[in-house]
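The next block is input-v4.pdb, given as PDB, C-alpha atoms, pLDDT in the B column.
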ATOM      1  CA  MET A   1       5.120   1.665  -4.073  1.00 96.00           C
ATOM      2  CA  CYS A   2       4.814   0.883  -7.765  1.00 96.00           C
ATOM      3  CA  GLY A   3       7.896  -0.997  -8.893  1.00 93.00           C
ATOM      4  CA  GLY A   4       6.810  -4.652  -9.003  1.00 87.00           C
ATOM      5  CA  ARG A   5       6.234  -6.987 -11.906  1.00 83.00           C
ATOM      6  CA  GLY A   6       2.556  -7.711 -11.170  1.00 86.00           C
ATOM      7  CA  THR A   7       2.806 -11.123 -12.811  1.00 87.00           C
ATOM      8  CA  ARG A   8      -0.447 -12.454 -11.353  1.00 89.00           C
ATOM      9  CA  LEU A   9      -2.478  -9.716 -13.008  1.00 91.00           C
ATOM     10  CA  ASP A  10      -1.152 -10.551 -16.500  1.00 87.00           C
ATOM     11  CA  ALA A  11      -2.210  -7.135 -17.832  1.00 91.00           C
ATOM     12  CA  PRO A  12      -1.187  -5.603 -21.188  1.00 94.00           C
ATOM     13  CA  VAL A  13       0.292  -2.629 -19.318  1.00 96.00           C
ATOM     14  CA  GLU A  14       2.378  -2.289 -16.163  1.00 97.00           C
ATOM     15  CA  LYS A  15       0.241  -3.022 -13.134  1.00 96.00           C
ATOM     16  CA  PRO A  16       0.091   0.545 -11.704  1.00 97.00           C
ATOM     17  CA  LEU A  17      -1.130   1.755 -15.099  1.00 97.00           C
ATOM     18  CA  VAL A  18      -4.117  -0.607 -15.286  1.00 97.00           C
ATOM     19  CA  ASP A  19      -7.292   1.464 -15.714  1.00 97.00           C
ATOM     20  CA  ILE A  20     -10.072   1.324 -13.147  1.00 97.00           C
ATOM     21  CA  CYS A  21     -13.124   3.211 -14.421  1.00 96.00           C
ATOM     22  CA  GLY A  22     -11.013   5.044 -16.984  1.00 96.00           C
ATOM     23  CA  ARG A  23      -8.134   6.121 -14.714  1.00 97.00           C
ATOM     24  CA  PRO A  24      -4.826   4.346 -14.051  1.00 98.00           C
ATOM     25  CA  MET A  25      -4.561   2.977 -10.525  1.00 98.00           C
ATOM     26  CA  LEU A  26      -1.457   5.115  -9.987  1.00 98.00           C
ATOM     27  CA  ASP A  27      -3.438   8.271 -10.745  1.00 98.00           C
ATOM     28  CA  ARG A  28      -6.206   7.259  -8.343  1.00 98.00           C
ATOM     29  CA  VAL A  29      -3.865   6.546  -5.439  1.00 98.00           C
ATOM     30  CA  ALA A  30      -1.888   9.743  -6.034  1.00 98.00           C
ATOM     31  CA  ALA A  31      -5.098  11.794  -6.054  1.00 98.00           C
ATOM     32  CA  ALA A  32      -6.231  10.288  -2.744  1.00 98.00           C
ATOM     33  CA  LEU A  33      -2.899  11.125  -1.140  1.00 98.00           C
ATOM     34  CA  ARG A  34      -2.924  14.667  -2.481  1.00 97.00           C
ATOM     35  CA  ASP A  35      -6.384  15.244  -1.027  1.00 98.00           C
ATOM     36  CA  SER A  36      -5.170  14.037   2.374  1.00 97.00           C
ATOM     37  CA  PRO A  37      -2.851  15.772   4.870  1.00 93.00           C
ATOM     38  CA  VAL A  38       0.141  14.230   3.070  1.00 95.00           C
ATOM     39  CA  GLU A  39       2.590  16.961   2.155  1.00 94.00           C
ATOM     40  CA  THR A  40       4.682  15.405  -0.628  1.00 96.00           C
ATOM     41  CA  VAL A  41       3.743  12.411  -2.751  1.00 97.00           C
ATOM     42  CA  ARG A  42       6.434  10.300  -4.392  1.00 97.00           C
ATOM     43  CA  ALA A  43       6.363   7.119  -6.461  1.00 98.00           C
ATOM     44  CA  VAL A  44       8.776   4.263  -5.797  1.00 98.00           C
ATOM     45  CA  THR A  45       9.393   2.684  -9.193  1.00 98.00           C
ATOM     46  CA  SER A  46      11.972   0.193 -10.458  1.00 97.00           C
ATOM     47  CA  PRO A  47      13.556  -1.058 -13.702  1.00 96.00           C
ATOM     48  CA  HIS A  48      10.475  -3.317 -14.016  1.00 95.00           C
ATOM     49  CA  THR A  49       8.140  -0.318 -14.421  1.00 97.00           C
ATOM     50  CA  PRO A  50       9.702   2.236 -16.788  1.00 97.00           C
ATOM     51  CA  ASN A  51       6.339   3.434 -18.119  1.00 97.00           C
ATOM     52  CA  THR A  52       5.068   3.903 -14.585  1.00 98.00           C
ATOM     53  CA  ARG A  53       8.096   6.040 -13.842  1.00 97.00           C
ATOM     54  CA  GLU A  54       7.252   8.241 -16.841  1.00 98.00           C
ATOM     55  CA  ARG A  55       3.639   8.551 -15.734  1.00 98.00           C
ATOM     56  CA  ALA A  56       4.701   9.340 -12.170  1.00 98.00           C
ATOM     57  CA  ALA A  57       6.970  12.099 -13.439  1.00 97.00           C
ATOM     58  CA  ASP A  58       4.115  13.500 -15.551  1.00 97.00           C
ATOM     59  CA  LEU A  59       1.986  13.585 -12.375  1.00 97.00           C
ATOM     60  CA  GLY A  60       4.723  15.439 -10.503  1.00 97.00           C
ATOM     61  CA  LEU A  61       5.372  12.545  -8.121  1.00 96.00           C
ATOM     62  CA  ASP A  62       9.201  12.806  -8.208  1.00 93.00           C
ATOM     63  CA  PRO A  63       9.966   9.082  -8.623  1.00 95.00           C
ATOM     64  CA  ILE A  64      12.428   7.180  -6.469  1.00 98.00           C
ATOM     65  CA  GLU A  65      14.015   4.494  -8.643  1.00 97.00           C
ATOM     66  CA  ALA A  66      14.487   1.419  -6.449  1.00 97.00           C
ATOM     67  CA  PRO A  67      16.510  -1.628  -7.580  1.00 97.00           C
ATOM     68  CA  GLY A  68      13.431  -3.804  -8.157  1.00 95.00           C
ATOM     69  CA  ASP A  69      14.612  -6.631  -5.896  1.00 94.00           C
ATOM     70  CA  GLY A  70      11.211  -7.075  -4.234  1.00 92.00           C
ATOM     71  CA  TYR A  71       8.752  -5.140  -2.128  1.00 90.00           C
ATOM     72  CA  VAL A  72      10.626  -5.323   1.160  1.00 91.00           C
ATOM     73  CA  SER A  73      13.982  -4.433  -0.352  1.00 95.00           C
ATOM     74  CA  ASP A  74      12.570  -1.577  -2.430  1.00 96.00           C
ATOM     75  CA  LEU A  75      10.636  -0.217   0.529  1.00 96.00           C
ATOM     76  CA  GLY A  76      13.773  -0.151   2.646  1.00 96.00           C
ATOM     77  CA  PHE A  77      15.598   1.589  -0.202  1.00 97.00           C
ATOM     78  CA  ALA A  78      12.892   4.253  -0.363  1.00 97.00           C
ATOM     79  CA  LEU A  79      12.694   4.741   3.407  1.00 96.00           C
ATOM     80  CA  ASP A  80      16.406   5.550   3.433  1.00 96.00           C
ATOM     81  CA  ARG A  81      15.658   8.455   1.102  1.00 96.00           C
ATOM     82  CA  VAL A  82      12.707  10.144   2.789  1.00 95.00           C
ATOM     83  CA  THR A  83      12.016  11.778   6.111  1.00 93.00           C
ATOM     84  CA  ARG A  84       9.870   9.857   8.579  1.00 94.00           C
ATOM     85  CA  PRO A  85       7.160   9.443   9.629  1.00 95.00           C
ATOM     86  CA  VAL A  86       5.879   8.487   6.213  1.00 97.00           C
ATOM     87  CA  VAL A  87       2.676   7.000   4.821  1.00 97.00           C
ATOM     88  CA  THR A  88       2.983   4.263   2.212  1.00 96.00           C
ATOM     89  CA  VAL A  89       0.284   2.827   0.023  1.00 97.00           C
ATOM     90  CA  VAL A  90       0.429   0.281  -2.751  1.00 97.00           C
ATOM     91  CA  ALA A  91      -0.689   1.238  -6.241  1.00 97.00           C
ATOM     92  CA  ASP A  92      -2.990  -1.775  -6.443  1.00 97.00           C
ATOM     93  CA  LEU A  93      -5.418  -0.218  -3.933  1.00 98.00           C
ATOM     94  CA  PRO A  94      -7.333   1.953  -6.439  1.00 98.00           C
ATOM     95  CA  LEU A  95     -10.317   2.782  -4.234  1.00 98.00           C
ATOM     96  CA  VAL A  96      -8.282   4.194  -1.360  1.00 98.00           C
ATOM     97  CA  ALA A  97      -9.703   7.571  -0.312  1.00 98.00           C
ATOM     98  CA  PRO A  98      -8.363  10.592   1.590  1.00 98.00           C
ATOM     99  CA  GLU A  99     -10.391   9.612   4.652  1.00 98.00           C
ATOM    100  CA  HIS A 100      -8.580   6.264   4.781  1.00 98.00           C
ATOM    101  CA  VAL A 101      -5.238   8.040   4.833  1.00 98.00           C
ATOM    102  CA  ASP A 102      -6.504  10.403   7.540  1.00 98.00           C
ATOM    103  CA  ALA A 103      -7.687   7.462   9.654  1.00 98.00           C
ATOM    104  CA  VAL A 104      -4.435   5.493   9.547  1.00 98.00           C
ATOM    105  CA  VAL A 105      -2.375   8.626  10.254  1.00 97.00           C
ATOM    106  CA  SER A 106      -4.620   9.355  13.230  1.00 97.00           C
ATOM    107  CA  ALA A 107      -4.249   5.768  14.448  1.00 97.00           C
ATOM    108  CA  ALA A 108      -0.471   6.039  14.218  1.00 97.00           C
ATOM    109  CA  ASP A 109      -0.492   9.150  16.428  1.00 96.00           C
ATOM    110  CA  GLY A 110       3.083  10.031  15.517  1.00 94.00           C
ATOM    111  CA  GLY A 111       4.255   6.415  15.497  1.00 96.00           C
ATOM    112  CA  ALA A 112       3.588   3.485  13.171  1.00 97.00           C
ATOM    113  CA  ALA A 113       0.268   1.975  12.104  1.00 97.00           C
ATOM    114  CA  THR A 114      -1.051  -0.567   9.657  1.00 97.00           C
ATOM    115  CA  ALA A 115      -4.462  -0.729   7.991  1.00 98.00           C
ATOM    116  CA  CYS A 116      -5.936  -4.217   7.740  1.00 98.00           C
ATOM    117  CA  VAL A 117      -9.278  -5.764   6.785  1.00 98.00           C
ATOM    118  CA  PRO A 118     -10.901  -9.039   7.839  1.00 98.00           C
ATOM    119  CA  VAL A 119     -10.159 -11.882   5.445  1.00 98.00           C
ATOM    120  CA  GLU A 120     -13.843 -12.822   5.580  1.00 98.00           C
ATOM    121  CA  LEU A 121     -14.714  -9.434   4.071  1.00 98.00           C
ATOM    122  CA  LYS A 122     -12.412 -10.018   1.113  1.00 98.00           C
ATOM    123  CA  ARG A 123     -13.772 -13.509   0.571  1.00 98.00           C
ATOM    124  CA  ASP A 124     -17.370 -12.272   0.753  1.00 98.00           C
ATOM    125  CA  LEU A 125     -16.559  -9.741  -1.962  1.00 97.00           C
ATOM    126  CA  GLY A 126     -14.863 -12.372  -4.088  1.00 97.00           C
ATOM    127  CA  ALA A 127     -11.562 -10.475  -3.900  1.00 98.00           C
ATOM    128  CA  SER A 128      -8.239 -12.247  -4.148  1.00 96.00           C
ATOM    129  CA  VAL A 129      -6.490 -13.093  -0.882  1.00 96.00           C
ATOM    130  CA  ASP A 130      -2.775 -13.682  -0.458  1.00 94.00           C
ATOM    131  CA  ASP A 131      -2.774 -16.415   2.193  1.00 95.00           C
ATOM    132  CA  ALA A 132       0.878 -15.727   2.974  1.00 95.00           C
ATOM    133  CA  LEU A 133      -0.113 -12.337   4.401  1.00 95.00           C
ATOM    134  CA  VAL A 134      -3.038 -13.520   6.550  1.00 98.00           C
ATOM    135  CA  PHE A 135      -2.546 -13.387  10.328  1.00 97.00           C
ATOM    136  CA  ASP A 136      -4.634 -13.519  13.480  1.00 97.00           C
ATOM    137  CA  HIS A 137      -5.680 -10.369  15.291  1.00 96.00           C
ATOM    138  CA  GLU A 138      -7.622 -10.960  18.489  1.00 95.00           C
ATOM    139  CA  GLY A 139      -9.227 -14.079  17.065  1.00 97.00           C
ATOM    140  CA  THR A 140     -10.011 -12.626  13.633  1.00 97.00           C
ATOM    141  CA  ALA A 141      -8.136 -13.540  10.455  1.00 98.00           C
ATOM    142  CA  VAL A 142      -7.000 -10.285   8.856  1.00 98.00           C
ATOM    143  CA  CYS A 143      -4.694  -9.186   6.084  1.00 97.00           C
ATOM    144  CA  PRO A 144      -2.916  -5.910   5.302  1.00 97.00           C
ATOM    145  CA  THR A 145      -4.405  -3.488   2.812  1.00 98.00           C
ATOM    146  CA  GLY A 146      -1.146  -1.935   1.695  1.00 97.00           C
ATOM    147  CA  LEU A 147      -1.800   1.328   3.536  1.00 98.00           C
ATOM    148  CA  GLY A 148       0.096   2.245   6.663  1.00 97.00           C
ATOM    149  CA  VAL A 149       2.523   4.526   8.443  1.00 97.00           C
ATOM    150  CA  VAL A 150       6.191   4.043   9.240  1.00 96.00           C
ATOM    151  CA  GLY A 151       7.109   5.984  12.343  1.00 95.00           C
ATOM    152  CA  PRO A 152      10.217   8.056  13.036  1.00 92.00           C
ATOM    153  CA  ALA A 153      13.498   6.212  12.569  1.00 81.00           C
ATOM    154  CA  THR A 154      15.291   5.142  15.728  1.00 66.00           C
ATOM    155  CA  ALA A 155      18.671   3.606  16.375  1.00 40.00           C
ATOM    156  CA  ASP A 156      17.175   0.258  17.437  1.00 41.00           C
ATOM    157  CA  SER A 157      13.494  -0.022  16.640  1.00 46.00           C
ATOM    158  CA  THR A 158      11.588  -3.281  16.284  1.00 41.00           C
ATOM    159  CA  ALA A 159       8.678  -1.281  14.924  1.00 40.00           C
ATOM    160  CA  ASP A 160      10.821   0.007  12.062  1.00 47.00           C
ATOM    161  CA  THR A 161      11.978  -3.501  11.244  1.00 39.00           C
ATOM    162  CA  ASP A 162       8.454  -4.887  11.389  1.00 45.00           C
ATOM    163  CA  ALA A 163       7.128  -2.069   9.249  1.00 43.00           C
ATOM    164  CA  GLU A 164       9.748  -2.625   6.594  1.00 40.00           C
ATOM    165  CA  THR A 165       9.433  -6.389   6.404  1.00 37.00           C
ATOM    166  CA  THR A 166       5.674  -6.949   6.518  1.00 44.00           C
ATOM    167  CA  ALA A 167       4.437  -4.086   4.363  1.00 45.00           C
ATOM    168  CA  GLY A 168       2.487  -4.616   1.205  1.00 46.00           C
ATOM    169  CA  THR A 169      -0.291  -6.683  -0.231  1.00 48.00           C
ATOM    170  CA  ASP A 170       1.202  -8.335  -3.259  1.00 47.00           C
ATOM    171  CA  SER A 171       4.557  -9.963  -2.640  1.00 41.00           C
ATOM    172  CA  ASP A 172       5.314 -10.369  -6.341  1.00 46.00           C
ATOM    173  CA  THR A 173       4.675  -6.753  -7.249  1.00 43.00           C
ATOM    174  CA  GLY A 174       5.947  -4.314  -4.699  1.00 47.00           C
ATOM    175  CA  SER A 175       3.391  -1.971  -6.165  1.00 40.00           C
ATOM    176  CA  GLY A 176       2.276   1.202  -4.504  1.00 41.00           C
ATOM    177  CA  THR A 177       2.808   4.913  -4.159  1.00 44.00           C
ATOM    178  CA  ASP A 178       5.150   6.354  -1.637  1.00 42.00           C
ATOM    179  CA  THR A 179       5.123   9.735   0.017  1.00 41.00           C
ATOM    180  CA  ASP A 180       7.747  11.891   1.597  1.00 39.00           C
ATOM    181  CA  THR A 181       6.804  12.620   5.246  1.00 32.00           C
ATOM    182  CA  ASP A 182       3.608  10.946   4.344  1.00 34.00           C
ATOM    183  CA  SER A 183       4.372   7.597   2.903  1.00 33.00           C
ATOM    184  CA  GLY A 184       4.244   4.626   5.126  1.00 33.00           C
ATOM    185  CA  THR A 185       3.970   0.948   5.222  1.00 33.00           C
ATOM    186  CA  ASP A 186       1.611  -1.614   6.060  1.00 34.00           C
ATOM    187  CA  THR A 187       2.602  -3.909   8.852  1.00 34.00           C
ATOM    188  CA  ASP A 188       1.100  -6.662  10.853  1.00 35.00           C
ATOM    189  CA  THR A 189       0.748  -6.816  14.587  1.00 35.00           C
ATOM    190  CA  ASP A 190      -0.130  -9.812  16.695  1.00 36.00           C
ATOM    191  CA  SER A 191      -2.602  -9.880  19.540  1.00 35.00           C
ATOM    192  CA  GLY A 192      -0.906  -9.232  22.825  1.00 36.00           C
ATOM    193  CA  THR A 193       2.158  -7.456  21.467  1.00 37.00           C
ATOM    194  CA  ASP A 194       3.528  -4.357  23.123  1.00 40.00           C
ATOM    195  CA  THR A 195       2.050  -1.351  21.340  1.00 40.00           C
ATOM    196  CA  ASP A 196       5.209   0.603  22.141  1.00 46.00           C
ATOM    197  CA  THR A 197       7.129  -1.874  19.970  1.00 55.00           C
ATOM    198  CA  TYR A 198       4.778  -2.820  17.154  1.00 77.00           C
ATOM    199  CA  PRO A 199       2.598  -0.678  14.880  1.00 91.00           C
ATOM    200  CA  THR A 200      -0.921   0.208  15.916  1.00 96.00           C
ATOM    201  CA  MET A 201      -3.597  -1.824  14.172  1.00 96.00           C
ATOM    202  CA  TYR A 202      -6.219   0.097  12.214  1.00 98.00           C
ATOM    203  CA  LEU A 203      -8.854  -2.502  11.356  1.00 98.00           C
ATOM    204  CA  SER A 204     -11.441  -1.463   8.775  1.00 98.00           C
ATOM    205  CA  THR A 205     -14.484  -3.102   7.220  1.00 98.00           C
ATOM    206  CA  ASP A 206     -14.671  -0.558   4.394  1.00 98.00           C
ATOM    207  CA  THR A 207     -14.926  -2.577   1.178  1.00 97.00           C
ATOM    208  CA  ARG A 208     -12.824  -0.018  -0.668  1.00 98.00           C
ATOM    209  CA  LEU A 209      -9.823  -1.040   1.402  1.00 98.00           C
ATOM    210  CA  ALA A 210     -10.508  -4.724   0.769  1.00 98.00           C
ATOM    211  CA  LEU A 211     -10.023  -4.510  -2.990  1.00 98.00           C
ATOM    212  CA  ASN A 212      -6.404  -4.904  -4.034  1.00 97.00           C
ATOM    213  CA  VAL A 213      -6.146  -5.506  -7.767  1.00 97.00           C
ATOM    214  CA  ASN A 214      -3.883  -8.557  -7.936  1.00 95.00           C
ATOM    215  CA  ARG A 215      -5.808 -10.734 -10.396  1.00 95.00           C
ATOM    216  CA  PRO A 216      -7.992 -10.031 -13.468  1.00 95.00           C
ATOM    217  CA  THR A 217     -11.187 -10.727 -11.492  1.00 96.00           C
ATOM    218  CA  ASP A 218     -10.263  -7.955  -9.053  1.00 97.00           C
ATOM    219  CA  ILE A 219     -10.514  -5.354 -11.829  1.00 97.00           C
ATOM    220  CA  ALA A 220     -14.244  -5.970 -12.306  1.00 96.00           C
ATOM    221  CA  LEU A 221     -14.846  -5.907  -8.547  1.00 97.00           C
ATOM    222  CA  ALA A 222     -13.106  -2.540  -8.221  1.00 97.00           C
ATOM    223  CA  GLU A 223     -14.920  -1.087 -11.217  1.00 97.00           C
ATOM    224  CA  ASP A 224     -18.274  -2.078  -9.719  1.00 96.00           C
ATOM    225  CA  ARG A 225     -17.490   0.101  -6.703  1.00 94.00           C
ATOM    226  CA  CYS A 226     -15.455   3.015  -8.042  1.00 88.00           C
ATOM    227  CA  GLU A 227     -16.800   6.567  -8.069  1.00 77.00           C
TER     228      GLU A 227
END
Kindly present the structure from the file in structure tokens form.
Amino acid sequence: MCGGRGTRLDAPVEKPLVDICGRPMLDRVAAALRDSPVETVRAVTSPHTPNTRERAADLGLDPIEAPGDGYVSDLGFALDRVTRPVVTVVADLPLVAPEHVDAVVSAADGGAATACVPVELKRDLGASVDDALVFDHEGTAVCPTGLGVVGPATADSTADTDAETTAGTDSDTGSGTDTDTDSGTDTDTDSGTDTDTYPTMYLSTDTRLALNVNRPTDIALAEDRCE
């Protein structure tokens, strides 16, 4: 998903094209997906990110041009145009690695899953936290990373609805990279919910998943840890 405005970052280029250690975030996320079991990687762009669309095409990502009405709306637009299950990941997660994708796909086990990290981990790192996305999981405050899986579409699935409405890490950007049969979303799940209805929680303490680049200070944090 890479079609949002990214207003909080206030960068001189479109948010997905911000360099982290000399490579645009879009390039980094696409490379991680391509080195994972994902079969086809696509980029969900919008009228807000024309340069990102060009870069995605150059990378062979076959862009899906969403309307740009917001993350949730654009995600739903994209999901209508791919085959599920799919993995989705936001473009502002530049340190995501193939093993992270493998882990969340394994957690989904053919259904839906969401990768989250403890809020305390993000605060300890000094990373930005979107309080609107924080929720409680078994007594721990967590927030989504922007990486997850949307399971197969069904005629009446709460999991599909939850996956489409709670995905993402930056509500003003809708940024990310999407994949065909391997793009997904990030969704929240509350303690005590029926796992047949809601996505499986994949909770990680890997600092690479805790660094979403939403503000200028996040760039330096990511660059300190990139390979």
- note - atom CA of A:Gly4 and atom CA of A:Val117 are separated by 22.6 Å
- Task: For atom CA of A:Val119 and atom CA of A:Ala210, determine how far apart the two atoms are, in Å to one decimal place.
- Result: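 One can read the atom CA of A:Val119 to atom CA of A:Ala210 distance as 8.6 Å.
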- Could you tell me, as a VMD selection string, which residues have any atom at most 10 Å from (16.6, 5.2, -2.3), counting only C-alpha atoms? chain A and resid 44 63 to 67 74 to 82
- Which one is closest to A:Thr205: A:Cys226, A:Val150, A:Cys116, A:Val134? Count all atoms listed in the file.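 Answer, going by the shortest atom-to-atom distance: A:Cys116.
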- Task: May I ask which of the residues A:Thr83, A:Ser36, A:Thr207, A:Thr52 is the closest one to A:Arg123, counting only C-alpha atoms?
- Result: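 Nearest to A:Arg123: A:Thr207.
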- Task: Compile the contact shell of A:Asp10 as an MDAnalysis selection string: residues with an atom at most 10 Å away, counting all atoms listed in the file, same-chain residues fewer than 4 positions apart removed.
- Result: chainID A and resid 5:6 14:15 214:216
- Query: At what distance in Å, to one decimal, does atom CA of A:Val29 lie from atom CA of A:Pro94?
  - Reply: 5.8 Å
- Message: I want to know what sits within 9 Å of A:Gly126, based on all atoms listed in the file, with residues of the same chain fewer than 6 positions away left out; could you give that as an MDAnalysis selection string?
- Response: chainID A and resid 217:218 221
- Item | Chain and number of each residue from the PyMOL selection byres ((chain A and resi 101) around 10), as a ChimeraX atom specification | /A:32-33,35-38,87-89,96-100,102-107,115,147-149,182-183
- Counting only C-alpha atoms, the residue among A:Leu17, A:Cys143, A:Ala108, A:Leu26 that lies closest to A:Leu93 is A:Leu26
- Pick from A:Leu59, A:Leu95, A:Ile20, A:Cys2, whichever lies nearest to A:Thr45 using all atoms listed in the file: A:Cys2
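You can rank A:Met201, A:Cys21, A:Ala91, A:Val86 by their closest distance to A:Glu223 using only C-alpha atoms, and at the top of that list sits A:Cys21.
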- Could you spell out the hits of the PyMOL selection byres ((chain A and resi 110) around 8) on the shown file, as a list of chain:residue names? A:Pro85, A:Val105, A:Ala108, A:Asp109, A:Gly111, A:Ala112, A:Gly151, A:Pro152
- Query: Looking at A:Glu120, A:Asp92, A:Asp69, A:Asp19, which one is nearest to A:Ser46, with distances taken over only C-alpha atoms?
  - Reply: A:Asp69
